[in-house]
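Scroll down for the structure; my scribbles are underneath it.
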Amino acid sequence: MTPFGSYIRELREQRRQTDSAYSLRRVAERLDIEPAYLSKIERGDLPPPSESVVTRLAAELGEDADTLLALAGKVSRDLQAIIRRRPREFAQLIRQLKDAPDHALLRIVREVRDGNW
């Protein structure tokens with residue numbers, strides 16, 4: 001299993017234990033994909049699906065879409081567009097932040113979100 005596939009299966013199975021609406025077949029139906037396709041993704045027989053399917057899967061399972069996209073080895077189109085506008089600056093920023101503790105990252109996010117430059 002791939003980390004993405006096993007994570008998806010684990011999430012879905014956790015929900016299925018208390019709600020039969022999370023059977024593989026019913027989830028695939030709501031996502032408008034074939035159950036066999038979802039099964040192969042969960043087993044790691046196929047690579048992670050497109051951004052669109054990953055995003056719908058995130059909504060279906062109540063997960064953060066960016067987290068699932070990262071597990072799938074993808075970056076959302078909107079983030080790609082942002083990075084393309086200033087690739088050097090964002091690459092440098094990400095490399096500088098790679099070892100920062102979570103609390104420091106959260107502080108930076110809050111400061112940027114709140115406009116406290």
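Identifiers for the structure tokens are assigned positionally: chains receive A, B, ... in sequence, residues are indexed from 1 per chain, and ligands are indexed from 1 in the order shown.
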**Report entry** All helix (DSSP H, G or I) residues (DSSP, backbone) inside segment 9-110 of chain A, as a PyMOL selection string
**Finding:** chain A and resi 9-16+20-22+24-31+35-43+51-61+65-71+77-85+87-97+102-110
Take the residues just selected and output them with C-alpha atoms as a tab-separated table (two decimals), in the first residue's frame.
chain	number	residue	atom	x	y	z
A	9	ARG	CA	-8.53	3.17	3.47
A	10	GLU	CA	-7.93	3.69	7.19
A	11	LEU	CA	-10.12	6.83	7.24
A	12	ARG	CA	-12.88	5.18	5.28
A	13	GLU	CA	-12.82	2.00	7.38
A	14	GLN	CA	-12.93	3.99	10.62
A	15	ARG	CA	-16.09	5.70	9.44
A	16	ARG	CA	-17.56	2.45	8.09
A	20	SER	CA	-22.37	1.68	6.49
A	21	ALA	CA	-22.51	4.65	4.10
A	22	TYR	CA	-18.70	4.46	4.11
A	24	LEU	CA	-16.05	1.15	-0.50
A	25	ARG	CA	-18.89	0.77	-2.98
A	26	ARG	CA	-21.02	3.59	-1.54
A	27	VAL	CA	-18.10	6.03	-1.20
A	28	ALA	CA	-17.03	5.32	-4.79
A	29	GLU	CA	-20.60	5.88	-5.95
A	30	ARG	CA	-20.77	9.29	-4.25
A	31	LEU	CA	-17.40	10.21	-5.78
A	35	PRO	CA	-15.44	0.83	-6.75
A	36	ALA	CA	-12.63	-1.20	-8.31
A	37	TYR	CA	-10.72	2.02	-9.00
A	38	LEU	CA	-11.05	3.17	-5.39
A	39	SER	CA	-10.03	-0.27	-4.17
A	40	LYS	CA	-6.89	-0.24	-6.35
A	41	ILE	CA	-5.99	3.23	-5.05
A	42	GLU	CA	-6.45	2.10	-1.44
A	43	ARG	CA	-4.28	-0.99	-2.03
A	51	GLU	CA	-6.57	16.63	-7.78
A	52	SER	CA	-10.32	16.71	-8.41
A	53	VAL	CA	-10.87	13.19	-7.05
A	54	VAL	CA	-8.54	13.78	-4.09
A	55	THR	CA	-10.42	16.97	-3.23
A	56	ARG	CA	-13.80	15.22	-3.43
A	57	LEU	CA	-12.42	12.34	-1.37
A	58	ALA	CA	-11.22	14.81	1.27
A	59	ALA	CA	-14.69	16.36	1.49
A	60	GLU	CA	-16.31	12.93	1.65
A	61	LEU	CA	-14.04	11.78	4.49
A	65	ALA	CA	-7.79	18.60	1.00
A	66	ASP	CA	-4.24	20.02	1.15
A	67	THR	CA	-3.21	17.24	3.54
A	68	LEU	CA	-4.54	14.53	1.22
A	69	LEU	CA	-3.01	16.23	-1.81
A	70	ALA	CA	0.37	16.30	-0.06
A	71	LEU	CA	0.06	12.59	0.77
A	77	ARG	CA	-3.63	24.32	-8.71
A	78	ASP	CA	-4.25	27.48	-6.69
A	79	LEU	CA	-1.03	26.99	-4.71
A	80	GLN	CA	0.89	26.22	-7.90
A	81	ALA	CA	-0.33	29.51	-9.36
A	82	ILE	CA	0.78	31.41	-6.25
A	83	ILE	CA	4.23	29.79	-6.32
A	84	ARG	CA	4.65	30.44	-10.06
A	85	ARG	CA	4.23	34.19	-9.46
A	87	PRO	CA	9.03	30.91	-7.40
A	88	ARG	CA	12.39	31.94	-5.92
A	89	GLU	CA	10.86	33.67	-2.93
A	90	PHE	CA	8.48	30.81	-2.12
A	91	ALA	CA	11.18	28.18	-2.62
A	92	GLN	CA	13.49	30.09	-0.28
A	93	LEU	CA	10.71	30.57	2.27
A	94	ILE	CA	9.76	26.90	2.29
A	95	ARG	CA	13.37	25.77	2.59
A	96	GLN	CA	13.94	28.16	5.50
A	97	LEU	CA	10.81	26.89	7.26
A	102	ASP	CA	4.90	23.67	14.39
A	103	HIS	CA	4.24	26.43	16.90
A	104	ALA	CA	6.52	28.79	14.98
A	105	LEU	CA	4.76	28.00	11.69
A	106	LEU	CA	1.36	28.55	13.27
A	107	ARG	CA	2.51	31.90	14.63
A	108	ILE	CA	3.68	32.97	11.17
A	109	VAL	CA	0.39	31.85	9.61
A	110	ARG	CA	-1.59	33.84	12.19
Query - Exercise: segment 46-50 of chain A partners within 8 Å, only C-alpha atoms, chain neighbours under 6 positions left out, as a list in words - result: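 The residues satisfying every condition are Phe4, Gly5, Lys40 and Ala72 of chain A.
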Emit the selected residues as a PDB file, in the first residue's frame, including N, CA and C atoms.
ATOM      1  N   PHE A   4      -0.619   7.155   0.767  1.00  0.00           N
ATOM      2  CA  PHE A   4      -1.902   7.773   0.431  1.00  0.00           C
ATOM      3  C   PHE A   4      -3.022   6.742   0.493  1.00  0.00           C
ATOM      4  N   GLY A   5      -2.841   5.643  -0.204  1.00  0.00           N
ATOM      5  CA  GLY A   5      -3.868   4.614  -0.265  1.00  0.00           C
ATOM      6  C   GLY A   5      -4.216   4.035   1.095  1.00  0.00           C
ATOM      7  N   LYS A  40      -8.284  -0.189  -5.864  1.00  0.00           N
ATOM      8  CA  LYS A  40      -6.895  -0.242  -6.347  1.00  0.00           C
ATOM      9  C   LYS A  40      -6.070   0.914  -5.801  1.00  0.00           C
ATOM     10  N   ALA A  72      -0.677  12.542  -1.537  1.00  0.00           N
ATOM     11  CA  ALA A  72      -0.746  12.037  -2.907  1.00  0.00           C
ATOM     12  C   ALA A  72       0.427  12.536  -3.755  1.00  0.00           C
TER      13      ALA A  72
END
Query raised in the report: Using only C-alpha atoms, which of A:Asp45, A:Asp99, A:Glu111, A:Asp64 sits nearest Ser6 of chain A?
Result: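 Under the stated criterion, the closest residue is A:Asp45.
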Query - Coordinates-based distance that separates atom CA of Val112 of chain A from atom CA of Glu63 of chain A (Å, one decimal) - result: 23.7 Å
Query - Length of the atom CA of Asp32 of chain A to atom CA of Gly73 of chain A vector [Å] - result: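 We find that atom CA of Asp32 of chain A and atom CA of Gly73 of chain A lie 22.2 Å from each other.
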Requested in this report: Record the distance separating atom CA of Lys98 of chain A and atom CA of Gly62 of chain A, expressed in Å with one decimal.
Outcome: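 Interatomic distance here is 26.6 Å.
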